Structures are given as C-alpha cells and as structure tokens.
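J.: First the structure, then my questions, so here it is.
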Amino acid sequence: MGNMDLKAEANAGGESLAAKLCAACGMCCNGVLFYGTRLQPEDSIRSLTALGMKLKRKDGEMQFLQPCPAYKDSCCSIYDKRPQRCRTFSCRQLKALNAGESTEEAAFAKISEAKILTDRVRGLFAQLGDTRENKAFARRYAALLTPPLDASPESERLRQELQVAMSELEAMLAANFRTEAIA
Ligand code: SF4
Ligand code: SF4
C-alpha cells in the first residue's frame, strides 16, 4: 500500500530503490500487515468493486479486505485507481529511507527478517490444516485458536508454537513496519 515517492517511482516502472524493496516485500498488500482497511470519502465503492476489490461493511464503515486481489506479480495492478489509504500509507522502512535515516541494506535486512518470520507462521498454519492463502494472517490465526479445537497433543503443540511465532512476527512488524492504526 505504501505511497511514498519511492514507491510511486516503483510503480512508474523505474528501477528505484522502492521498486526493489516493495517487490521483495509486499506485506502491506498481501494480508500479512493488514486485514481490513477503511475506505475514505474519496473512494468509490462502485469503481473499487468493479476493479475486483473485496469490500465489506464493518461497524458502519466500508473496508477493503486483504490479501488484496489487485496485488499481482509483486505489484499493484490498479495503481492509478488504488484506494486513498493506499496512497497515504507509508511503512516505517520507506519513511526511514525517505528521511535519510536508513540504508538500502538495513531495509532489505528487515524485509528478510520479516519473511523468515512470516514463512514460519505460514508453515504452522499449513501444519494446522489452514492453507487459505487468500485470507489475511490475522484472520487465519484467530480461526485456528477458536474452539472447537483439536485436542490431540500434536495439535496442542503446534498451536503453542504458532502463538509464539505469531507474537514474534507481530512484535517485529510493530517495531519495523507499522506506523499507525491498522484501519
Ligand atoms: S490496491 Fe494496490 S496498493 Fe492498495 S492494497 Fe491493493 S495492491 Fe496494495
Ligand atoms: S510494507 Fe513497506 S516495503 Fe513492504 S511493500 Fe509495503 S510499502 Fe513496500
């Protein structure tokens, strides 16, 4: 979702730093960082629906759900028509780079670190029987911990491992990628 100048260059097809970073990451579009994001007054429900976005009303407000169907081949396929929140969101890594407070190497290292943690969580989801890659991490996690639960020792062990892995991932994302309230 990141909107920073760097990412704009990325989607304009340039070989910018953000192009490389966001292509290697994708977490603000693929359901790892976000589950649902509020639409803004500038957004057209009709247009976004026609573009294939998954929209849902929650607490009286319309949200678009992730993983985003417009995220294709490591890029936003509707960049010029993306929702307003996608235009204004900037993750901590892009903010730090744009402010000259970080380096390319440091940003790639954080993305790699996050990838290892997400792969670990994804693997545990699968071991617990959830291979729904079209659902956000938060939703998959909540579903696997909602009763009725398989009481076998193996499932119990995997759930405990998942709770540890998810908590490490969340702490890492909060410290290095999230910049504001999720929605
Ligand atoms: S519309 Fe584009 S920028 Fe926004 S979440 Fe979807 S793929 Fe990402
Ligand atoms: S979380 Fe940051 S680095 Fe990752 S894709 Fe989004 S804007 Fe790019």
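Chains: A, B, ... in order of the structure tokens. Residues: from 1 per chain. Ligands: from 1, in order shown.
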Using only C-alpha atoms, which protein or nucleic acid residues come within 9 Å of Arg178 in chain A? Drop anything in the same chain fewer than 6 positions from it, and give the result as a list in words.
T.: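 What passes the distance filter is Leu33, Ser90, Cys91 and Arg92 of chain A.
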J.: Please dump the current selection as a short mmCIF file (atom, residue, chain, number, x, y, z; two decimals), in the first residue's frame; keep C-alpha atoms.
T.:
data_model
loop_
_atom_site.label_atom_id
_atom_site.label_comp_id
_atom_site.auth_asym_id
_atom_site.auth_seq_id
_atom_site.Cartn_x
_atom_site.Cartn_y
_atom_site.Cartn_z
CA LEU A 33 0.27 -6.43 7.83
CA SER A 90 3.95 4.55 4.26
CA CYS A 91 5.62 1.80 6.25
CA ARG A 92 8.43 2.58 8.67
#
J.: As a ChimeraX atom specification, please: every protein or nucleic acid residue near ligand 2 (cut-off 10 Å, counting only C-alpha atoms and all ligand atoms).
T.: /A:1-4,6-7,10,17-30,32-34,74-76,86,89-95,107-108,110-111,114,173,176-179
J.: So that I have them on file, write out the residues from the current selection with C-alpha atoms, as a CSV table (one decimal), in the first residue's frame.
T.:
chain,number,residue,atom,x,y,z
A,1,MET,CA,0.0,0.0,0.0
A,2,GLY,CA,2.9,2.4,0.5
A,3,ASN,CA,2.5,5.7,-1.2
A,4,MET,CA,5.9,7.3,-0.8
A,6,LEU,CA,9.9,5.9,-3.7
A,7,LYS,CA,7.0,3.6,-4.3
A,10,ALA,CA,8.4,1.9,-8.4
A,17,LEU,CA,15.0,1.5,-4.5
A,18,ALA,CA,11.4,1.2,-3.5
A,19,ALA,CA,10.7,-0.9,-6.6
A,20,LYS,CA,13.2,-3.4,-5.4
A,21,LEU,CA,12.1,-3.2,-1.7
A,22,CYS,CA,8.4,-3.4,-2.3
A,23,ALA,CA,8.8,-6.2,-4.9
A,24,ALA,CA,10.8,-8.1,-2.2
A,25,CYS,CA,8.2,-7.4,0.5
A,26,GLY,CA,4.5,-6.9,-0.4
A,27,MET,CA,3.4,-7.1,3.2
A,28,CYS,CA,1.1,-4.1,3.1
A,29,CYS,CA,-0.9,-5.7,0.3
A,30,ASN,CA,-0.7,-9.5,0.9
A,32,VAL,CA,0.4,-10.0,6.5
A,33,LEU,CA,0.3,-6.4,7.8
A,34,PHE,CA,-3.4,-5.7,7.3
A,74,SER,CA,4.6,-8.3,-6.6
A,75,CYS,CA,2.9,-5.1,-7.8
A,76,CYS,CA,-0.3,-3.1,-7.5
A,86,CYS,CA,-3.0,3.0,-0.2
A,89,PHE,CA,0.2,4.7,3.8
A,90,SER,CA,4.0,4.5,4.3
A,91,CYS,CA,5.6,1.8,6.2
A,92,ARG,CA,8.4,2.6,8.7
A,93,GLN,CA,11.1,1.3,6.3
A,94,LEU,CA,10.0,3.6,3.4
A,95,LYS,CA,9.6,6.6,5.9
A,107,ALA,CA,15.7,-2.1,4.8
A,108,PHE,CA,16.4,-5.3,2.9
A,110,LYS,CA,14.4,-6.1,7.8
A,111,ILE,CA,12.3,-7.4,4.9
A,114,ALA,CA,10.1,-10.4,8.4
A,173,LEU,CA,6.1,-5.8,12.3
A,176,ASN,CA,9.8,-2.1,11.9
A,177,PHE,CA,6.8,-1.7,9.5
A,178,ARG,CA,3.6,-0.5,11.1
A,179,THR,CA,3.3,3.2,11.5
J.: Measuring between only C-alpha atoms and all ligand atoms, which one of A:Pro83, A:Pro148, A:Gly60, A:Gly100 shows the shortest distance to ligand 1?
T.: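 Distance minimum relative to ligand 1 lands on A:Pro83.
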J.: Looking at only C-alpha atoms, which of A:Pro67, A:Lys115, A:Glu105, A:Glu61 is the one that sits closest to Arg140 in chain A?
T.: A:Pro67
J.: So that I can check the surroundings of Ser155 in chain A, please list as a PyMOL selection string every protein, DNA and RNA residue that reaches within 9 Å of it, counting only C-alpha atoms and ignoring chain neighbours fewer than 5 positions away.
T.: chain A and resi 127-128+149-150+160
J.: Among chain A, which ones does DSSP place in helix (DSSP H, G or I), written as a PyMOL selection string?
T.: chain A and resi 5-11+17-24+45-50+79-81+84-88+92-98+104-127+137-144+153-176
J.: From the options A:Leu65, A:Leu48, A:Met166, A:Leu39, which residue's atoms come nearest to Tyr79 in chain A, counting only C-alpha atoms?
T.: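 Of the candidates, the smallest distance to Tyr79 in chain A is held by A:Leu48.
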J.: Quick one: of A:Asp73, A:Arg120, A:Asn134, A:Met53, who's nearest to Glu161 in chain A, counting only C-alpha atoms?
T.: A:Arg120
J.: Given the choices A:Arg87, A:Lys56, A:Lys135, A:Arg159, which gets closest to ligand 1 if the distance is worked out from only C-alpha atoms and all ligand atoms?
T.: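 Between A:Arg87, A:Lys56, A:Lys135, A:Arg159, the residue approaching ligand 1 most closely is A:Arg87.
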J.: Which residue is closest to ligand 1? Choose from A:Ala50, A:Ala175, A:Cys68, A:Glu42 and count only C-alpha atoms and all ligand atoms.
T.: A:Cys68
J.: Please return, as number ranges by chain, all residues of range 13-67 of chain A that DSSP assigns to strand (DSSP E) on the basis of the backbone.
T.: A: 36-38, 55-58, 61-65
J.: How would the residues just picked look written out with C-alpha atoms as a tab-separated table (two decimals), in the first residue's frame?
T.:
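As a result, result.tsv now contains:
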chain	number	residue	atom	x	y	z
A	36	GLY	CA	-9.22	-4.70	6.57
A	37	THR	CA	-8.59	-1.06	5.71
A	38	ARG	CA	-11.23	1.69	5.84
A	55	LEU	CA	-15.27	-4.78	0.17
A	56	LYS	CA	-17.06	-5.31	3.46
A	57	ARG	CA	-19.05	-3.18	5.88
A	58	LYS	CA	-17.79	-3.28	9.46
A	61	GLU	CA	-17.79	1.68	7.69
A	62	MET	CA	-16.74	0.16	4.40
A	63	GLN	CA	-13.39	-1.61	4.32
A	64	PHE	CA	-11.41	-3.34	1.65
A	65	LEU	CA	-10.07	-6.71	2.68
J.: Can you tell me how far CA of Lys81 in chain A sits from CA of Ser16 in chain A, in Å to one decimal?
T.: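 Computing it gives 21.2 Å between the two atoms.
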J.: Separation of CA of Asp80 in chain A and CA of Tyr35 in chain A, in Å?
T.: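 Interatomic distance here is 22.0 Å.
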